[in-house]
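Structure file run32.txt (compact mmCIF, C-alpha atoms and all ligand atoms) is printed below.
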```
# COMPACT_ATOMS: atom_id res chain seq x y z
CA MET A 1 26.36 -8.75 -25.66
CA LYS A 2 26.49 -5.46 -23.94
CA LYS A 3 23.45 -4.74 -21.98
CA SER A 4 22.59 -1.65 -20.13
CA VAL A 5 19.50 -1.21 -18.12
CA ILE A 6 17.93 2.16 -17.90
CA ILE A 7 16.27 2.82 -14.66
CA ILE A 8 14.07 5.76 -14.41
CA LEU A 9 13.73 7.71 -11.27
CA LEU A 10 10.18 8.65 -10.70
CA LEU A 11 9.42 11.00 -7.89
CA VAL A 12 6.19 12.81 -8.01
CA ALA A 13 5.79 15.91 -5.92
CA PHE A 14 3.63 18.86 -5.66
CA PRO A 15 5.26 21.87 -7.29
CA ILE A 16 4.88 24.26 -4.41
CA LEU A 17 4.28 23.16 -0.91
CA ALA A 18 4.47 24.98 2.32
CA PHE A 19 4.78 22.63 5.25
CA SER A 20 2.71 23.32 8.26
CA ASP A 21 4.25 23.43 11.65
CA PRO A 22 3.67 19.92 13.04
CA THR A 23 2.63 21.38 16.37
CA THR A 24 -0.48 22.82 14.71
CA LEU A 25 -1.80 19.35 13.94
CA PRO A 26 -4.78 18.37 16.02
CA LEU A 27 -3.58 15.86 18.58
CA SER A 28 -5.42 14.09 21.28
CA PRO A 29 -4.53 15.42 24.71
CA SER A 30 -2.48 12.39 25.72
CA GLU A 31 -0.71 11.97 22.40
CA THR A 32 2.07 14.27 21.34
CA PRO A 33 4.71 13.38 18.78
CA ASN A 34 7.95 12.44 20.47
CA VAL A 35 9.75 11.72 17.22
CA LYS A 36 11.94 14.49 15.95
CA THR A 37 11.05 15.10 12.34
CA GLU A 38 13.29 16.84 9.88
CA GLU A 39 12.30 19.30 7.23
CA HIS A 40 11.63 17.29 4.12
CA ASN A 41 13.33 18.56 1.01
CA ILE A 42 11.10 18.67 -2.02
CA PRO A 43 12.98 16.92 -4.80
CA ASP A 44 13.93 19.01 -7.79
CA LEU A 45 11.43 18.28 -10.55
CA THR A 46 14.17 18.11 -13.13
CA SER A 47 15.90 15.24 -11.33
CA PHE A 48 12.94 12.88 -11.13
CA PHE A 49 14.14 10.62 -13.85
CA ASN A 50 17.55 9.12 -13.47
CA SER A 51 19.15 6.35 -15.38
CA TYR A 52 20.91 3.48 -13.68
CA ASP A 53 23.72 1.59 -15.35
CA GLN A 54 23.66 -1.90 -13.95
CA ALA A 55 27.17 -2.75 -15.11
CA SER A 56 28.88 0.23 -13.48
CA GLY A 57 26.33 0.84 -10.74
CA ASN A 58 26.27 4.53 -11.63
CA ILE A 59 23.21 6.67 -11.45
CA ALA A 60 23.07 9.43 -14.05
CA LYS A 61 20.73 12.35 -13.88
CA SER A 62 18.50 12.49 -16.88
CA LYS A 63 15.01 13.54 -17.83
CA ASN A 64 11.98 11.95 -19.30
CA ASP A 65 9.69 14.93 -19.76
CA SER A 66 6.81 13.17 -21.45
CA LEU A 67 6.48 10.63 -18.69
CA LEU A 68 6.89 13.29 -16.02
CA ASP A 69 4.14 15.36 -17.65
CA ALA A 70 1.83 12.38 -17.84
CA ILE A 71 2.36 11.42 -14.20
CA SER A 72 2.11 15.04 -12.98
CA SER A 73 -1.20 15.56 -14.73
CA ILE A 74 -2.55 12.34 -13.26
CA TYR A 75 -1.54 13.53 -9.82
CA ASP A 76 -2.99 17.01 -10.34
CA ASN A 77 -6.29 15.64 -11.58
CA PHE A 78 -6.81 13.42 -8.59
CA SER A 79 -5.34 15.50 -5.78
CA GLU A 80 -8.65 15.49 -3.94
CA SER A 81 -10.14 12.24 -5.15
CA THR A 82 -12.05 10.21 -2.61
CA LEU A 83 -11.33 6.94 -4.42
CA ILE A 84 -8.83 4.39 -3.17
CA ASN A 85 -7.39 4.10 -6.67
CA PRO A 86 -8.39 7.05 -8.85
CA TYR A 87 -5.42 6.52 -11.18
CA GLU A 88 -6.33 3.24 -12.87
CA ILE A 89 -2.86 2.88 -14.29
CA GLU A 90 -1.79 -0.67 -14.91
CA ILE A 91 1.55 -1.38 -13.35
CA SER A 92 2.80 -2.68 -16.69
CA LYS A 93 2.44 0.87 -18.10
CA LEU A 94 4.93 2.24 -15.58
CA PRO A 95 8.70 2.25 -15.97
CA ASP A 96 10.30 -1.05 -15.20
CA SER A 97 12.16 0.39 -12.20
CA ILE A 98 11.39 3.36 -10.00
CA PHE A 99 13.30 4.99 -7.17
CA ILE A 100 11.39 6.01 -4.07
CA ASP A 101 13.03 8.56 -1.77
CA CYS A 102 13.05 7.01 1.70
CA ASN A 103 15.50 9.37 3.38
CA ASN A 104 12.81 10.61 5.70
CA TYR A 105 10.95 7.63 7.04
CA ILE A 106 9.42 6.73 10.38
CA TYR A 107 7.93 3.33 11.19
CA PRO A 108 4.24 4.09 11.83
CA THR A 109 3.64 2.48 15.21
CA LYS A 110 5.44 0.83 18.11
CA SER A 111 4.37 -2.73 17.32
CA ASN A 112 5.93 -4.83 14.58
CA HIS A 113 3.76 -7.88 15.20
CA ILE A 114 2.28 -8.94 11.85
CA THR A 115 -1.12 -10.56 12.23
CA SER A 116 -2.04 -10.93 8.54
CA ARG A 117 0.09 -10.69 5.44
CA PHE A 118 -0.36 -9.17 2.00
CA GLY A 119 -1.83 -11.33 -0.76
CA ILE A 120 -4.70 -13.66 -1.53
CA ARG A 121 -6.83 -14.20 1.57
CA GLY A 122 -9.60 -16.68 0.86
CA VAL A 123 -11.59 -15.28 -2.04
CA ARG A 124 -10.30 -11.73 -1.62
CA PHE A 125 -6.99 -9.97 -2.09
CA HIS A 126 -5.54 -8.36 1.03
CA HIS A 127 -3.86 -5.22 -0.30
CA GLY A 128 -2.00 -4.40 2.90
CA ILE A 129 -0.45 -5.89 5.98
CA ASP A 130 -2.05 -6.07 9.42
CA ILE A 131 -0.06 -5.09 12.48
CA GLY A 132 -1.39 -6.05 15.89
CA ILE A 133 -1.54 -3.00 18.19
CA LYS A 134 -3.23 -1.90 21.38
CA TYR A 135 -6.42 0.11 21.22
CA GLY A 136 -5.45 3.80 21.19
CA ASP A 137 -1.83 3.28 20.11
CA THR A 138 -0.31 6.25 18.28
CA ILE A 139 -0.16 5.88 14.49
CA ARG A 140 2.30 8.02 12.51
CA SER A 141 2.77 8.86 8.87
CA PRO A 142 5.71 6.87 7.47
CA PHE A 143 6.72 9.63 5.03
CA ALA A 144 6.00 13.32 4.48
CA GLY A 145 2.98 14.19 2.38
CA VAL A 146 -0.51 15.59 2.17
CA VAL A 147 -3.71 13.95 3.39
CA ARG A 148 -5.70 13.11 0.22
CA HIS A 149 -8.73 11.48 1.80
CA THR A 150 -10.12 10.38 5.12
CA ASN A 151 -13.41 8.62 5.69
CA TYR A 152 -15.34 5.90 7.49
CA GLN A 153 -16.14 2.69 5.64
CA ARG A 154 -18.48 0.37 7.48
CA GLY A 155 -17.66 -3.29 6.97
CA GLY A 156 -14.35 -2.38 5.33
CA TYR A 157 -11.52 -0.03 6.24
CA GLY A 158 -13.47 1.52 9.11
CA LYS A 159 -11.91 4.92 9.85
CA TYR A 160 -9.11 5.31 7.32
CA ILE A 161 -6.65 7.85 5.95
CA ILE A 162 -5.00 8.11 2.53
CA ILE A 163 -1.76 10.11 2.45
CA ARG A 164 -0.04 11.14 -0.78
CA HIS A 165 3.64 11.23 -0.14
CA HIS A 166 6.09 13.48 -1.93
CA ASN A 167 8.12 10.43 -2.87
CA GLY A 168 5.35 9.19 -5.15
CA LEU A 169 3.83 6.55 -2.85
CA GLU A 170 0.46 6.65 -1.19
CA THR A 171 -0.16 5.11 2.21
CA ILE A 172 -3.57 3.88 3.28
CA MET A 173 -3.96 3.23 6.97
CA ALA A 174 -7.18 1.79 8.37
CA HIS A 175 -9.23 0.69 11.38
CA PHE A 176 -8.45 3.78 13.48
CA SER A 177 -10.41 4.55 16.63
CA HIS A 178 -9.76 8.25 15.99
CA THR A 179 -8.30 10.03 12.98
CA LEU A 180 -6.51 13.28 13.83
CA VAL A 181 -5.88 14.82 10.40
CA SER A 182 -8.06 16.37 7.70
CA VAL A 183 -7.92 16.40 3.91
CA GLY A 184 -5.26 18.83 2.69
CA ASP A 185 -3.15 18.71 5.87
CA SER A 186 0.57 18.72 5.14
CA ILE A 187 2.41 16.28 7.34
CA LEU A 188 5.98 15.23 8.01
CA ALA A 189 7.28 11.72 8.46
CA GLY A 190 6.48 10.71 12.03
CA ASP A 191 3.56 13.06 12.54
CA VAL A 192 0.70 11.51 14.45
CA VAL A 193 -2.28 10.93 12.13
CA GLY A 194 -4.58 8.94 14.38
CA LEU A 195 -5.07 6.46 17.18
CA GLY A 196 -5.30 2.76 16.48
CA GLY A 197 -8.50 0.82 16.85
CA SER A 198 -10.72 -1.84 15.41
CA SER A 199 -13.27 0.09 13.33
CA GLY A 200 -14.73 -1.46 10.18
CA ARG A 201 -14.18 -5.08 9.17
CA SER A 202 -11.91 -6.05 12.04
CA THR A 203 -11.89 -8.60 14.82
CA GLY A 204 -9.46 -6.78 17.12
CA PRO A 205 -7.28 -3.67 17.27
CA HIS A 206 -4.82 -3.60 14.40
CA LEU A 207 -3.32 -1.24 11.88
CA HIS A 208 -3.97 -2.10 8.25
CA LEU A 209 -1.03 -0.60 6.36
CA GLU A 210 -1.07 -0.35 2.60
CA PHE A 211 1.43 1.15 0.15
CA ARG A 212 0.42 2.03 -3.38
CA LEU A 213 2.23 3.48 -6.37
CA LEU A 214 -0.28 5.25 -8.63
CA GLY A 215 -3.02 3.08 -7.19
CA ASN A 216 -1.14 -0.21 -7.44
CA SER A 217 -0.64 -1.87 -4.06
CA PHE A 218 2.50 -3.80 -3.21
CA ASN A 219 3.55 -5.87 -0.24
CA PRO A 220 4.79 -3.59 2.58
CA GLU A 221 7.26 -6.36 3.45
CA LYS A 222 9.03 -5.58 0.17
CA ILE A 223 9.99 -2.12 1.44
CA ILE A 224 9.98 -2.49 5.24
CA ASN A 225 11.87 -5.08 7.23
CA PHE A 226 9.30 -5.64 9.96
CA LYS A 227 11.86 -7.30 12.25
CA THR A 228 14.01 -4.17 12.43
CA THR A 229 11.27 -1.74 11.27
CA GLU A 230 13.84 -0.24 8.86
CA ILE A 231 13.54 0.36 5.11
CA LYS A 232 15.00 -2.51 3.08
CA ASN A 233 17.57 -2.18 0.30
CA LYS A 234 18.22 1.53 0.70
CA ASN A 235 21.13 1.25 -1.68
CA PHE A 236 20.78 4.25 -3.91
CA GLU A 237 21.39 7.42 -1.90
CA GLY A 238 18.60 6.50 0.48
CA ASN A 239 16.22 5.52 -2.30
CA PHE A 240 14.29 2.29 -2.31
CA LEU A 241 14.33 0.69 -5.73
CA ILE A 242 10.92 -0.55 -6.85
CA THR A 243 11.13 -3.05 -9.65
CA ILE A 244 8.07 -4.40 -11.37
CA ALA A 245 9.61 -7.88 -11.40
CA ASP A 246 10.22 -8.06 -7.65
CA THR A 247 8.05 -5.45 -5.92
CA TYR A 248 5.08 -6.46 -8.05
CA SER A 249 5.76 -10.19 -8.10
CA HIS A 250 2.16 -10.71 -6.93
CA GLN A 251 0.73 -9.54 -10.29
CA GLY A 252 0.13 -13.15 -11.31
CA ASP A 253 -1.96 -13.74 -8.17
CA LEU A 254 -4.06 -10.66 -8.95
CA GLU A 255 -4.59 -11.80 -12.54
CA GLU A 256 -5.60 -15.22 -11.32
CA LEU A 257 -8.07 -13.69 -8.87
CA LYS A 258 -9.57 -11.61 -11.71
CA ARG A 259 -10.31 -14.81 -13.63
CA ALA A 260 -11.91 -16.36 -10.56
CA ALA A 261 -15.48 -17.68 -10.74
CA TYR A 262 -17.78 -18.60 -7.89
CA HIS A 263 -20.62 -20.96 -7.14
CA ARG A 264 -23.25 -20.25 -4.51
CA VAL A 265 -23.99 -23.33 -2.44
CA ARG A 266 -27.56 -24.68 -2.60
CA SER A 267 -29.37 -27.05 -0.31
CA GLY A 268 -27.92 -30.57 -0.27
CA GLU A 269 -24.75 -29.73 -2.22
CA THR A 270 -21.33 -30.95 -1.15
CA LEU A 271 -17.84 -30.06 -2.34
CA SER A 272 -17.81 -33.15 -4.55
CA HIS A 273 -21.07 -32.10 -6.23
CA ILE A 274 -19.55 -28.71 -6.98
CA ALA A 275 -16.27 -30.22 -8.16
CA ARG A 276 -18.11 -32.56 -10.56
CA ARG A 277 -20.27 -29.76 -11.87
CA TYR A 278 -17.32 -27.58 -12.84
CA GLY A 279 -14.97 -30.36 -13.91
CA THR A 280 -12.52 -29.82 -11.07
CA SER A 281 -11.48 -31.72 -7.94
CA VAL A 282 -12.38 -31.41 -4.27
CA ARG A 283 -8.68 -30.94 -3.54
CA ARG A 284 -8.54 -27.96 -5.94
CA LEU A 285 -11.69 -26.42 -4.43
CA CYS A 286 -10.16 -26.75 -0.98
CA ALA A 287 -6.94 -25.06 -2.09
CA LEU A 288 -8.83 -22.20 -3.77
CA ASN A 289 -11.08 -21.57 -0.79
CA GLY A 290 -8.82 -22.34 2.15
CA LEU A 291 -10.99 -25.30 3.11
CA LYS A 292 -10.27 -28.83 4.31
CA GLU A 293 -11.88 -31.83 2.61
CA THR A 294 -13.83 -32.34 5.83
CA SER A 295 -14.98 -28.71 6.03
CA ILE A 296 -18.71 -28.16 6.29
CA ILE A 297 -20.10 -25.82 3.65
CA ARG A 298 -23.31 -23.92 4.24
CA ILE A 299 -26.16 -22.86 2.00
CA GLY A 300 -25.49 -19.51 0.34
CA GLN A 301 -21.69 -19.75 0.81
CA ARG A 302 -19.59 -18.59 -2.14
CA ILE A 303 -17.23 -21.27 -3.35
CA ARG A 304 -14.57 -20.36 -5.85
CA TYR A 305 -14.19 -23.05 -8.49
CA ARG A 306 -11.77 -21.32 -10.90
ZN ZN B 401 -5.70 -5.60 6.59
```

Could you show the structure in this file as structure tokens?
Amino acid sequence: MKKSVIIILLLVAFPILAFSDPTTLPLSPSETPNVKTEEHNIPDLTSFFNSYDQASGNIAKSKNDSLLDAISSIYDNFSESTLINPYEIEISKLPDSIFIDCNNYIYPTKSNHITSRFGIRGVRFHHGIDIGIKYGDTIRSPFAGVVRHTNYQRGGYGKYIIIRHHNGLETIMAHFSHTLVSVGDSILAGDVVGLGGSSGRSTGPHLHLEFRLLGNSFNPEKIINFKTTEIKNKNFEGNFLITIADTYSHQGDLEELKRAAYHRVRSGETLSHIARRYGTSVRRLCALNGLKETSIIRIGQRIRYR
């Protein structure tokens, strides 16, 4: 059976964009960009959607106007949204494969020491990766783009920045000590956006780095090799190929977390009481909550039982 797989190139950009001179960005006195950035070429709107023939390995230029229109209008409508995910597009509604232009990319900081990975963390989902840094370390934008939002979230991201990149991704970076960009600023890959810190829900200086495609986060380790700090699998003319099957392989974990249910511990209750009540086992409760069978639970603690 002959099988061809159509892969659609999705690159969302802003129709007209004048880049600011990077030297006009507000920088702290001791921090100046030492990375040479190149002028980023805005991709031609008509070439956003390509098809990929798996058998021959050829990429053919093609168009998918209806999808392009839909995505463009989503982007236009939320260009100044303050929400983390204003798009609310389920990943299953997107094309099965999407190219992301990674020709202009700069690793955002000088440390590549991962302190916490993407995925389920206790009863929450960690939508990014944590990189251990020193307080005040320079943080750079990984790709060119425009600052969509910057804010302070107590008990969460702390001081954070959301950048919409011309390649269709959004980066969220958090826990800054100082942010050095404002909403609407055009930036190039490698431009300094802030200084690292430990603001918000954080126990020590680190950079929380998050990549999202139309609001849907994926593991930064899928696109960046943190050992070399280079982009992975840049096989297609410098494009990184996002596939729903691989890049979004955590969808099952997210679904499972959505179905989760919790019990609030009352006086005198133990894990075995809770297990009996919900028809599960202590072992299962421990696995769901990152506990040991000998762990002490306290009154008021939330225990996930499903
Ligand atoms: Zn984090």

Show me which residues line ligand ZN 401 (chain B), defined as having an atom within 10 Å of a ligand atom where only C-alpha atoms and all ligand atoms count, and present them as a list in words. Thr115, Ser116, Arg117, Phe118, Phe125, His126, His127, Gly128, Ile129, Asp130, Ile131, Gly156, Tyr157, Met173, Ala174, His175, Arg201, Ser202, His206, Leu207, His208, Leu209 and Glu210 of chain A

Which neighbours of stretch 182-191 of chain A fall inside 6 Å, counting all atoms listed in the file, when residues of the same chain fewer than 6 positions from it are skipped, and could you give them as a PyMOL selection string? chain A and resi 19-20+105-106+140-149

Nearest residue to A:Ser81 from the set A:Arg284, A:His178, A:Arg164, A:Arg306 (distances using all atoms listed in the file): A:Arg164

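Near (11.8, 9.9, -3.3), the residues that fall inside 7 Å on the basis of only C-alpha atoms are Leu11, Phe99, Ile100, Asp101, Cys102, His166, Asn167, Gly168 and Asn239 of chain A.
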
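Within 8 Å of the point (8.2, -1.9, -4.6), and counting only C-alpha atoms, the protein, DNA and RNA residues are Phe218, Asn219, Lys222, Ile223, Phe240, Leu241, Ile242, Thr243, Ile244, Asp246, Thr247 and Tyr248 of chain A.
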
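Between atom CA of A:Arg304 and atom CA of A:Thr280 lies a distance of 11.0 Å.
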
Proximity to A:Ile296 - best of A:Leu271, A:Val282, A:Phe236, A:Leu254, all atoms listed in the file: A:Leu271

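A straight line drawn from atom CA of A:Pro205 to atom CA of A:Val181 is 19.8 Å long.
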
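Across the structure, atom CA of A:Asn85 and atom CA of A:Leu195 are spaced 24.1 Å apart.
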
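If you measure from each of A:Ile303, A:Gly279, A:Gly215, A:Ile120 to A:Arg264 using all atoms listed in the file, the closest one turns out to be A:Ile303.
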